[in-house]
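Source file my_file12.pdb; content: PDB, C-alpha atoms, pLDDT in the B column.
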```
ATOM      1  CA  MET A   8    -127.016 117.776  40.905  1.00 41.00           C
ATOM      2  CA  PHE A   9    -127.204 121.097  39.059  1.00 40.00           C
ATOM      3  CA  ILE A  10    -125.680 123.836  41.225  1.00 44.00           C
ATOM      4  CA  LEU A  11    -126.486 127.460  40.387  1.00 48.00           C
ATOM      5  CA  SER A  12    -123.881 130.139  40.978  1.00 53.00           C
ATOM      6  CA  PRO A  13    -124.100 132.233  44.162  1.00 53.00           C
ATOM      7  CA  THR A  14    -125.265 135.145  42.002  1.00 52.00           C
ATOM      8  CA  VAL A  15    -128.252 133.269  40.632  1.00 54.00           C
ATOM      9  CA  ARG A  16    -129.301 131.050  43.539  1.00 55.00           C
ATOM     10  CA  PRO A  17    -130.894 133.725  45.792  1.00 56.00           C
ATOM     11  CA  VAL A  18    -132.968 135.079  42.909  1.00 58.00           C
ATOM     12  CA  LEU A  19    -134.335 131.685  41.946  1.00 54.00           C
ATOM     13  CA  ARG A  20    -135.200 130.978  45.550  1.00 56.00           C
ATOM     14  CA  ALA A  21    -137.024 134.299  45.690  1.00 53.00           C
ATOM     15  CA  ILE A  22    -138.961 133.738  42.468  1.00 55.00           C
ATOM     16  CA  THR A  23    -140.272 130.337  43.457  1.00 49.00           C
ATOM     17  CA  LEU A  24    -141.621 131.855  46.690  1.00 49.00           C
ATOM     18  CA  ASN A  25    -141.832 128.436  48.304  1.00 46.00           C
ATOM     19  CA  SER A  26    -140.867 129.756  51.714  1.00 44.00           C
ATOM     20  CA  LYS A  27    -141.736 133.195  53.052  1.00 50.00           C
ATOM     21  CA  ALA A  28    -139.051 132.904  55.703  1.00 49.00           C
ATOM     22  CA  ALA A  29    -136.355 131.948  53.205  1.00 47.00           C
ATOM     23  CA  PHE A  30    -137.427 134.732  50.901  1.00 48.00           C
ATOM     24  CA  THR A  31    -137.400 137.323  53.646  1.00 49.00           C
ATOM     25  CA  ALA A  32    -133.896 136.289  54.681  1.00 49.00           C
ATOM     26  CA  SER A  33    -132.732 136.417  51.093  1.00 48.00           C
ATOM     27  CA  SER A  34    -134.222 139.831  50.368  1.00 46.00           C
ATOM     28  CA  SER A  35    -132.927 141.416  53.543  1.00 50.00           C
ATOM     29  CA  CYS A  36    -129.420 139.935  53.548  1.00 59.00           C
ATOM     30  CA  ASN A  37    -128.514 139.763  49.861  1.00 76.00           C
ATOM     31  CA  LYS A  38    -128.066 142.589  47.409  1.00 93.00           C
ATOM     32  CA  HIS A  39    -127.693 141.494  43.833  1.00 97.00           C
ATOM     33  CA  HIS A  40    -124.846 142.893  41.764  1.00 97.00           C
ATOM     34  CA  LEU A  41    -123.996 143.067  38.086  1.00 98.00           C
ATOM     35  CA  PRO A  42    -121.599 140.177  37.400  1.00 98.00           C
ATOM     36  CA  ASP A  43    -118.249 140.918  35.821  1.00 97.00           C
ATOM     37  CA  LEU A  44    -117.597 139.599  32.340  1.00 98.00           C
ATOM     38  CA  HIS A  45    -114.609 137.349  31.730  1.00 95.00           C
ATOM     39  CA  TYR A  46    -113.865 139.060  28.422  1.00 98.00           C
ATOM     40  CA  ASP A  47    -113.810 142.583  26.995  1.00 98.00           C
ATOM     41  CA  TYR A  48    -116.926 144.040  25.420  1.00 98.00           C
ATOM     42  CA  SER A  49    -115.291 143.953  21.988  1.00 98.00           C
ATOM     43  CA  ALA A  50    -114.011 140.380  22.348  1.00 98.00           C
ATOM     44  CA  LEU A  51    -117.047 138.801  20.676  1.00 98.00           C
ATOM     45  CA  GLU A  52    -116.787 140.813  17.466  1.00 98.00           C
ATOM     46  CA  PRO A  53    -117.792 140.441  14.688  1.00 98.00           C
ATOM     47  CA  ALA A  54    -120.604 138.196  15.959  1.00 98.00           C
ATOM     48  CA  ILE A  55    -121.678 140.736  18.596  1.00 98.00           C
ATOM     49  CA  SER A  56    -120.374 144.288  18.507  1.00 98.00           C
ATOM     50  CA  GLY A  57    -118.611 145.830  21.455  1.00 98.00           C
ATOM     51  CA  LYS A  58    -121.189 148.606  21.651  1.00 98.00           C
ATOM     52  CA  ILE A  59    -124.060 146.144  21.928  1.00 98.00           C
ATOM     53  CA  MET A  60    -122.229 144.200  24.621  1.00 98.00           C
ATOM     54  CA  GLU A  61    -121.511 147.376  26.578  1.00 98.00           C
ATOM     55  CA  LEU A  62    -125.126 148.560  26.461  1.00 98.00           C
ATOM     56  CA  HIS A  63    -126.563 145.083  27.035  1.00 98.00           C
ATOM     57  CA  HIS A  64    -124.385 144.386  30.058  1.00 98.00           C
ATOM     58  CA  SER A  65    -123.841 147.779  31.704  1.00 98.00           C
ATOM     59  CA  LYS A  66    -127.276 149.266  31.023  1.00 98.00           C
ATOM     60  CA  HIS A  67    -129.920 146.598  30.420  1.00 98.00           C
ATOM     61  CA  HIS A  68    -128.637 143.977  32.858  1.00 98.00           C
ATOM     62  CA  GLN A  69    -127.836 146.640  35.432  1.00 98.00           C
ATOM     63  CA  THR A  70    -131.436 147.839  35.225  1.00 98.00           C
ATOM     64  CA  TYR A  71    -132.713 144.344  35.989  1.00 98.00           C
ATOM     65  CA  VAL A  72    -130.394 144.164  38.986  1.00 98.00           C
ATOM     66  CA  ASN A  73    -131.454 147.574  40.309  1.00 98.00           C
ATOM     67  CA  ASN A  74    -135.161 146.860  39.908  1.00 98.00           C
ATOM     68  CA  LEU A  75    -134.819 143.399  41.444  1.00 98.00           C
ATOM     69  CA  ASN A  76    -133.160 144.829  44.541  1.00 97.00           C
ATOM     70  CA  GLU A  77    -135.893 147.452  44.822  1.00 97.00           C
ATOM     71  CA  ALA A  78    -138.665 144.868  44.397  1.00 97.00           C
ATOM     72  CA  GLU A  79    -137.108 142.591  47.016  1.00 96.00           C
ATOM     73  CA  GLU A  80    -136.922 145.473  49.495  1.00 96.00           C
ATOM     74  CA  LYS A  81    -140.597 146.237  48.914  1.00 96.00           C
ATOM     75  CA  TYR A  82    -141.465 142.565  49.275  1.00 96.00           C
ATOM     76  CA  ALA A  83    -139.549 142.274  52.543  1.00 95.00           C
ATOM     77  CA  SER A  84    -141.393 145.321  53.858  1.00 95.00           C
ATOM     78  CA  ALA A  85    -144.717 143.825  52.808  1.00 95.00           C
ATOM     79  CA  VAL A  86    -143.869 140.571  54.601  1.00 95.00           C
ATOM     80  CA  HIS A  87    -142.841 142.507  57.701  1.00 95.00           C
ATOM     81  CA  VAL A  88    -146.251 144.197  57.948  1.00 94.00           C
ATOM     82  CA  ASN A  89    -148.110 141.119  56.693  1.00 95.00           C
ATOM     83  CA  ASP A  90    -149.450 142.969  53.630  1.00 95.00           C
ATOM     84  CA  VAL A  91    -150.439 139.955  51.535  1.00 96.00           C
ATOM     85  CA  THR A  92    -151.997 142.071  48.775  1.00 97.00           C
ATOM     86  CA  GLN A  93    -148.746 143.938  48.225  1.00 96.00           C
ATOM     87  CA  GLN A  94    -146.777 140.682  48.274  1.00 95.00           C
ATOM     88  CA  ILE A  95    -148.981 139.305  45.513  1.00 96.00           C
ATOM     89  CA  ASN A  96    -148.727 142.555  43.546  1.00 96.00           C
ATOM     90  CA  LEU A  97    -144.947 142.280  43.578  1.00 97.00           C
ATOM     91  CA  HIS A  98    -144.778 138.754  42.157  1.00 96.00           C
ATOM     92  CA  ALA A  99    -144.761 139.949  38.533  1.00 96.00           C
ATOM     93  CA  LEU A 100    -141.921 142.418  39.150  1.00 97.00           C
ATOM     94  CA  LEU A 101    -139.874 139.793  40.983  1.00 97.00           C
ATOM     95  CA  LYS A 102    -140.372 137.296  38.181  1.00 97.00           C
ATOM     96  CA  PHE A 103    -139.527 139.788  35.438  1.00 98.00           C
ATOM     97  CA  HIS A 104    -136.485 141.448  36.964  1.00 98.00           C
ATOM     98  CA  GLY A 105    -135.302 138.332  38.789  1.00 98.00           C
ATOM     99  CA  GLY A 106    -135.633 136.371  35.574  1.00 98.00           C
ATOM    100  CA  GLY A 107    -133.780 139.097  33.695  1.00 98.00           C
ATOM    101  CA  HIS A 108    -130.912 138.866  36.168  1.00 98.00           C
ATOM    102  CA  ILE A 109    -130.791 135.065  36.073  1.00 98.00           C
ATOM    103  CA  ASN A 110    -131.078 134.827  32.291  1.00 98.00           C
ATOM    104  CA  HIS A 111    -128.423 137.413  31.549  1.00 98.00           C
ATOM    105  CA  THR A 112    -126.004 135.983  34.111  1.00 98.00           C
ATOM    106  CA  LEU A 113    -126.305 132.608  32.387  1.00 98.00           C
ATOM    107  CA  PHE A 114    -126.109 134.274  28.957  1.00 98.00           C
ATOM    108  CA  TRP A 115    -122.738 135.955  29.591  1.00 98.00           C
ATOM    109  CA  GLU A 116    -121.348 132.609  30.724  1.00 97.00           C
ATOM    110  CA  ASN A 117    -122.742 131.070  27.526  1.00 97.00           C
ATOM    111  CA  LEU A 118    -120.426 133.241  25.425  1.00 98.00           C
ATOM    112  CA  ALA A 119    -116.697 133.188  24.789  1.00 98.00           C
ATOM    113  CA  PRO A 120    -114.335 134.877  22.330  1.00 98.00           C
ATOM    114  CA  ARG A 121    -113.264 132.646  19.484  1.00 96.00           C
ATOM    115  CA  LYS A 122    -109.651 132.816  20.694  1.00 96.00           C
ATOM    116  CA  ASN A 123    -110.867 131.299  23.980  1.00 96.00           C
ATOM    117  CA  GLY A 124    -112.799 128.481  22.379  1.00 96.00           C
ATOM    118  CA  GLY A 125    -116.034 130.219  21.443  1.00 97.00           C
ATOM    119  CA  GLY A 126    -117.838 128.354  18.684  1.00 97.00           C
ATOM    120  CA  ILE A 127    -115.775 125.173  18.979  1.00 97.00           C
ATOM    121  CA  PRO A 128    -118.306 122.321  18.594  1.00 96.00           C
ATOM    122  CA  PRO A 129    -119.318 120.422  21.716  1.00 94.00           C
ATOM    123  CA  ALA A 130    -117.496 117.234  22.513  1.00 86.00           C
ATOM    124  CA  GLY A 131    -118.133 114.542  25.057  1.00 92.00           C
ATOM    125  CA  LYS A 132    -121.561 113.516  26.284  1.00 96.00           C
ATOM    126  CA  LEU A 133    -123.315 116.739  25.300  1.00 97.00           C
ATOM    127  CA  GLY A 134    -122.142 116.485  21.708  1.00 97.00           C
ATOM    128  CA  ASP A 135    -123.203 112.846  21.603  1.00 97.00           C
ATOM    129  CA  GLU A 136    -126.678 113.680  22.920  1.00 97.00           C
ATOM    130  CA  ILE A 137    -127.131 116.528  20.444  1.00 98.00           C
ATOM    131  CA  ASN A 138    -126.223 114.202  17.585  1.00 97.00           C
ATOM    132  CA  LYS A 139    -128.567 111.554  18.965  1.00 97.00           C
ATOM    133  CA  VAL A 140    -131.566 113.901  19.210  1.00 97.00           C
ATOM    134  CA  TRP A 141    -131.070 116.196  16.205  1.00 98.00           C
ATOM    135  CA  GLY A 142    -128.776 114.177  13.954  1.00 98.00           C
ATOM    136  CA  SER A 143    -125.951 116.704  13.925  1.00 97.00           C
ATOM    137  CA  LEU A 144    -124.899 120.035  15.397  1.00 98.00           C
ATOM    138  CA  ASP A 145    -126.081 121.793  12.240  1.00 97.00           C
ATOM    139  CA  GLY A 146    -129.432 120.061  12.559  1.00 98.00           C
ATOM    140  CA  PHE A 147    -129.687 121.228  16.156  1.00 98.00           C
ATOM    141  CA  LYS A 148    -128.824 124.831  15.241  1.00 98.00           C
ATOM    142  CA  LYS A 149    -131.462 124.846  12.509  1.00 98.00           C
ATOM    143  CA  ILE A 150    -134.202 123.753  14.909  1.00 98.00           C
ATOM    144  CA  PHE A 151    -132.983 126.069  17.659  1.00 98.00           C
ATOM    145  CA  ASN A 152    -132.941 129.064  15.309  1.00 98.00           C
ATOM    146  CA  ALA A 153    -136.457 128.198  14.191  1.00 98.00           C
ATOM    147  CA  HIS A 154    -137.536 128.423  17.827  1.00 98.00           C
ATOM    148  CA  LEU A 155    -135.829 131.813  18.130  1.00 98.00           C
ATOM    149  CA  ALA A 156    -137.503 133.089  14.975  1.00 97.00           C
ATOM    150  CA  GLY A 157    -140.862 131.904  16.270  1.00 97.00           C
ATOM    151  CA  ILE A 158    -140.742 134.070  19.391  1.00 97.00           C
ATOM    152  CA  GLN A 159    -143.442 136.721  19.178  1.00 94.00           C
ATOM    153  CA  GLY A 160    -142.243 139.930  20.763  1.00 92.00           C
ATOM    154  CA  SER A 161    -139.476 139.341  23.274  1.00 97.00           C
ATOM    155  CA  GLY A 162    -138.136 136.196  24.891  1.00 98.00           C
ATOM    156  CA  TRP A 163    -135.462 133.534  24.996  1.00 98.00           C
ATOM    157  CA  SER A 164    -134.857 130.102  23.542  1.00 98.00           C
ATOM    158  CA  TRP A 165    -133.062 127.492  25.605  1.00 98.00           C
ATOM    159  CA  LEU A 166    -131.392 124.146  25.265  1.00 98.00           C
ATOM    160  CA  VAL A 167    -132.458 122.419  28.466  1.00 98.00           C
ATOM    161  CA  LYS A 168    -132.035 119.082  30.138  1.00 98.00           C
ATOM    162  CA  ASP A 169    -135.131 117.466  31.581  1.00 97.00           C
ATOM    163  CA  THR A 170    -133.942 116.427  35.031  1.00 96.00           C
ATOM    164  CA  GLU A 171    -136.650 113.758  35.268  1.00 96.00           C
ATOM    165  CA  THR A 172    -135.808 111.984  32.007  1.00 95.00           C
ATOM    166  CA  GLY A 173    -132.259 113.185  31.320  1.00 95.00           C
ATOM    167  CA  LEU A 174    -133.288 114.149  27.776  1.00 97.00           C
ATOM    168  CA  LEU A 175    -132.387 117.326  25.921  1.00 98.00           C
ATOM    169  CA  GLN A 176    -135.091 119.661  24.663  1.00 98.00           C
ATOM    170  CA  ILE A 177    -135.384 123.089  23.067  1.00 98.00           C
ATOM    171  CA  ILE A 178    -137.904 125.408  24.680  1.00 98.00           C
ATOM    172  CA  SER A 179    -138.836 129.062  24.272  1.00 98.00           C
ATOM    173  CA  LEU A 180    -140.000 131.310  27.096  1.00 98.00           C
ATOM    174  CA  PRO A 181    -141.553 134.780  26.862  1.00 98.00           C
ATOM    175  CA  ASN A 182    -140.197 138.031  28.238  1.00 97.00           C
ATOM    176  CA  GLN A 183    -137.673 137.274  31.015  1.00 98.00           C
ATOM    177  CA  ASP A 184    -139.269 134.091  32.327  1.00 98.00           C
ATOM    178  CA  PRO A 185    -136.433 131.977  33.770  1.00 97.00           C
ATOM    179  CA  VAL A 186    -135.879 128.268  33.290  1.00 98.00           C
ATOM    180  CA  ILE A 187    -137.121 126.653  36.493  1.00 95.00           C
ATOM    181  CA  GLY A 188    -138.816 123.475  37.638  1.00 95.00           C
ATOM    182  CA  LYS A 189    -137.713 120.211  36.098  1.00 96.00           C
ATOM    183  CA  TYR A 190    -135.562 121.846  33.426  1.00 98.00           C
ATOM    184  CA  LYS A 191    -131.868 122.638  33.751  1.00 98.00           C
ATOM    185  CA  PRO A 192    -130.621 125.440  31.454  1.00 98.00           C
ATOM    186  CA  ILE A 193    -127.720 124.412  29.216  1.00 98.00           C
ATOM    187  CA  ILE A 194    -127.633 127.223  26.625  1.00 98.00           C
ATOM    188  CA  GLY A 195    -129.840 130.301  26.344  1.00 98.00           C
ATOM    189  CA  ILE A 196    -129.998 132.863  23.553  1.00 98.00           C
ATOM    190  CA  ASP A 197    -131.556 136.275  24.062  1.00 98.00           C
ATOM    191  CA  ALA A 198    -134.091 137.221  21.371  1.00 98.00           C
ATOM    192  CA  TRP A 199    -134.896 140.660  22.779  1.00 98.00           C
ATOM    193  CA  GLU A 200    -134.187 143.474  20.306  1.00 97.00           C
ATOM    194  CA  HIS A 201    -131.668 145.060  22.676  1.00 97.00           C
ATOM    195  CA  ALA A 202    -129.459 141.990  22.133  1.00 98.00           C
ATOM    196  CA  TYR A 203    -128.976 142.634  18.411  1.00 98.00           C
ATOM    197  CA  TYR A 204    -130.829 145.622  16.910  1.00 97.00           C
ATOM    198  CA  LEU A 205    -128.027 148.192  17.106  1.00 97.00           C
ATOM    199  CA  GLN A 206    -125.890 145.924  14.914  1.00 98.00           C
ATOM    200  CA  TYR A 207    -128.308 143.800  12.906  1.00 98.00           C
ATOM    201  CA  GLU A 208    -131.369 146.084  12.818  1.00 97.00           C
ATOM    202  CA  ASN A 209    -134.313 144.023  11.498  1.00 95.00           C
ATOM    203  CA  ARG A 210    -132.052 141.204  10.277  1.00 97.00           C
ATOM    204  CA  LYS A 211    -132.400 139.163  13.429  1.00 96.00           C
ATOM    205  CA  ALA A 212    -131.911 135.895  11.546  1.00 97.00           C
ATOM    206  CA  GLU A 213    -128.316 137.017  10.900  1.00 98.00           C
ATOM    207  CA  TYR A 214    -127.827 137.495  14.639  1.00 98.00           C
ATOM    208  CA  PHE A 215    -129.273 134.045  15.324  1.00 98.00           C
ATOM    209  CA  GLY A 216    -126.800 132.577  12.857  1.00 98.00           C
ATOM    210  CA  ALA A 217    -123.753 134.557  13.994  1.00 98.00           C
ATOM    211  CA  ILE A 218    -124.038 133.996  17.721  1.00 98.00           C
ATOM    212  CA  TRP A 219    -123.106 130.316  17.376  1.00 98.00           C
ATOM    213  CA  ASP A 220    -119.579 131.495  16.510  1.00 98.00           C
ATOM    214  CA  VAL A 221    -119.127 132.625  20.114  1.00 98.00           C
ATOM    215  CA  ILE A 222    -121.118 130.036  22.057  1.00 98.00           C
ATOM    216  CA  ASN A 223    -119.109 128.600  24.935  1.00 98.00           C
ATOM    217  CA  TRP A 224    -119.728 124.883  24.564  1.00 97.00           C
ATOM    218  CA  LYS A 225    -117.309 124.081  27.386  1.00 96.00           C
ATOM    219  CA  THR A 226    -119.629 125.827  29.842  1.00 96.00           C
ATOM    220  CA  ALA A 227    -122.600 124.071  28.250  1.00 97.00           C
ATOM    221  CA  GLU A 228    -120.898 120.687  28.677  1.00 97.00           C
ATOM    222  CA  LYS A 229    -120.225 121.431  32.332  1.00 96.00           C
ATOM    223  CA  ARG A 230    -123.854 122.390  32.951  1.00 96.00           C
ATOM    224  CA  PHE A 231    -125.023 119.259  31.174  1.00 96.00           C
ATOM    225  CA  GLN A 232    -122.892 116.980  33.326  1.00 93.00           C
ATOM    226  CA  ASP A 233    -123.365 118.734  36.688  1.00 87.00           C
TER     227      ASP A 233
END
```

So that I can check it, write out the structure of this file as structure tokens.
Amino acid sequence: MFILSPTVRPVLRAITLNSKAAFTASSSCNKHHLPDLHYDYSALEPAISGKIMELHHSKHHQTYVNNLNEAEEKYASAVHVNDVTQQINLHALLKFHGGGHINHTLFWENLAPRKNGGGIPPAGKLGDEINKVWGSLDGFKKIFNAHLAGIQGSGWSWLVKDTETGLLQIISLPNQDPVIGKYKPIIGIDAWEHAYYLQYENRKAEYFGAIWDVINWKTAEKRFQD
């Protein structure tokens, strides 16, 4: 079974909105916080500059967290007074900012400095499955980067596992839409301009190529097997 971290689980439960009672409890009892990184901002250089990491984490991700907390408070208030119209109006904000929090939390865990194993090719079952589906790791990266390049505007590309079939797939999602439903996120790469523009400007293909040097395949393997 795939188990989300305590940071991510309440958000996903809120976004799915399957249970008003569960959502109300979540929104009233849980405040979301910016997760700490397990490496310094400059540790991913030269693939990702320290300045980009600082802005991306401390400013952009923090904004998603702040706005998610605010939206959840408004939603809880709307539930309390049975304002269904306001609850519906808030769905888009919850999806956007909740997705931004989920996606970035997973993204930071996806990365590791090279001295800590970042970029070391996947081994074990995940590596075997990648080779089986795409022929090689290089073949996989080529297809994945094509998905990234094909995103119009802002979004993410993901390596996911279909929990119904057990098969790997590459999918792209717009804006901050999170990976939910039958798919389990294995690796996600942020294609928003704030993830690369300060360093790579309009050369986003260079960013798509460089980020593989700091991908944490150990975390990906763990997600695949959980």

Give one line per residue of range 136-190 of chain A that approaches range 202-208 of chain A to at most 12 Å, naming the two atoms of the closest pair and their distance in Å to one decimal, counting all atoms listed in the file; sort by chain then ascending residue number and deliver it as a Markdown table.
```
| residue | atom | partner | partner_atom | distance |
| --- | --- | --- | --- | --- |
| A:Ser161 | CA | A:Ala202 | CA | 10.4 |
| A:Gly162 | CA | A:Ala202 | CA | 10.8 |
| A:Trp163 | CA | A:Ala202 | CA | 10.8 |
```

In terms of only C-alpha atoms, the residue from A:Asn209, A:Ser143, A:Thr112, A:Gln183 at minimal distance from Ala156 in chain A is A:Asn209

Checklist entry - Leaving out range 104-107 of chain A and any residue of its chain fewer than 3 positions from it, which residues lie within 9 Å of it when counting only C-alpha atoms, given as a ChimeraX atom specification? => result /A:15,18-19,21-22,68,70-76,78,99-101,110-112,182-186

Take the residues that were just selected and, keeping C-alpha atoms, output them as a PDB file, in the coordinates of the input.
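Dumped everything to selection-v5.pdb:
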```
ATOM      1  CA  VAL A  15    -128.252 133.269  40.632  1.00 54.00           C
ATOM      2  CA  VAL A  18    -132.968 135.079  42.909  1.00 58.00           C
ATOM      3  CA  LEU A  19    -134.335 131.685  41.946  1.00 54.00           C
ATOM      4  CA  ALA A  21    -137.024 134.299  45.690  1.00 53.00           C
ATOM      5  CA  ILE A  22    -138.961 133.738  42.468  1.00 55.00           C
ATOM      6  CA  HIS A  68    -128.637 143.977  32.858  1.00 98.00           C
ATOM      7  CA  THR A  70    -131.436 147.839  35.225  1.00 98.00           C
ATOM      8  CA  TYR A  71    -132.713 144.344  35.989  1.00 98.00           C
ATOM      9  CA  VAL A  72    -130.394 144.164  38.986  1.00 98.00           C
ATOM     10  CA  ASN A  73    -131.454 147.574  40.309  1.00 98.00           C
ATOM     11  CA  ASN A  74    -135.161 146.860  39.908  1.00 98.00           C
ATOM     12  CA  LEU A  75    -134.819 143.399  41.444  1.00 98.00           C
ATOM     13  CA  ASN A  76    -133.160 144.829  44.541  1.00 97.00           C
ATOM     14  CA  ALA A  78    -138.665 144.868  44.397  1.00 97.00           C
ATOM     15  CA  ALA A  99    -144.761 139.949  38.533  1.00 96.00           C
ATOM     16  CA  LEU A 100    -141.921 142.418  39.150  1.00 97.00           C
ATOM     17  CA  LEU A 101    -139.874 139.793  40.983  1.00 97.00           C
ATOM     18  CA  ASN A 110    -131.078 134.827  32.291  1.00 98.00           C
ATOM     19  CA  HIS A 111    -128.423 137.413  31.549  1.00 98.00           C
ATOM     20  CA  THR A 112    -126.004 135.983  34.111  1.00 98.00           C
ATOM     21  CA  ASN A 182    -140.197 138.031  28.238  1.00 97.00           C
ATOM     22  CA  GLN A 183    -137.673 137.274  31.015  1.00 98.00           C
ATOM     23  CA  ASP A 184    -139.269 134.091  32.327  1.00 98.00           C
ATOM     24  CA  PRO A 185    -136.433 131.977  33.770  1.00 97.00           C
ATOM     25  CA  VAL A 186    -135.879 128.268  33.290  1.00 98.00           C
TER      26      VAL A 186
END
```

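Put simply, the PyMOL selection byres ((chain A and resi 46) around 10) in this file takes in Asp43, Leu44, His45, Asp47, Tyr48, Ser49, Ala50, Leu51, Trp115, Leu118, Ala119, Pro120 and Asn123 of chain A.
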
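Among A:Lys102, A:His39, A:His154, A:His201, the residue with the shortest atom-to-atom distance to Ile59 in chain A, counting all atoms listed in the file, is A:His201.
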
- Message: For this structure, which residues satisfy the selection - the PyMOL selection byres ((chain A and resi 232) around 9) - when it is evaluated on the file as given? I want them as a ChimeraX atom specification.
- Response: /A:8-9,132-133,227-231,233

Expressed in Å, the length from CA of Glu200 in chain A to CA of Lys149 in chain A is 20.4 Å

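Going from CA of Leu144 in chain A over to CA of Thr172 in chain A, you cover 21.4 Å.
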
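A straight line drawn from CA of Leu62 in chain A to CA of Tyr82 in chain A is 28.7 Å long.
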
What does the PyMOL selection byres ((chain A and resi 216) around 12) select in this file, as a compact mmCIF listing (two decimals) with C-alpha atoms, keeping the file's coordinate frame?
```
# COMPACT_ATOMS: atom_id res chain seq x y z
CA ALA A 54 -120.60 138.20 15.96
CA ILE A 55 -121.68 140.74 18.60
CA GLY A 126 -117.84 128.35 18.68
CA ASP A 145 -126.08 121.79 12.24
CA LYS A 148 -128.82 124.83 15.24
CA LYS A 149 -131.46 124.85 12.51
CA ILE A 150 -134.20 123.75 14.91
CA PHE A 151 -132.98 126.07 17.66
CA ASN A 152 -132.94 129.06 15.31
CA ALA A 153 -136.46 128.20 14.19
CA LEU A 155 -135.83 131.81 18.13
CA ALA A 156 -137.50 133.09 14.98
CA ILE A 196 -130.00 132.86 23.55
CA TYR A 203 -128.98 142.63 18.41
CA TYR A 207 -128.31 143.80 12.91
CA ARG A 210 -132.05 141.20 10.28
CA LYS A 211 -132.40 139.16 13.43
CA ALA A 212 -131.91 135.90 11.55
CA GLU A 213 -128.32 137.02 10.90
CA TYR A 214 -127.83 137.50 14.64
CA PHE A 215 -129.27 134.04 15.32
CA ALA A 217 -123.75 134.56 13.99
CA ILE A 218 -124.04 134.00 17.72
CA TRP A 219 -123.11 130.32 17.38
CA ASP A 220 -119.58 131.50 16.51
CA VAL A 221 -119.13 132.62 20.11
CA ILE A 222 -121.12 130.04 22.06
```
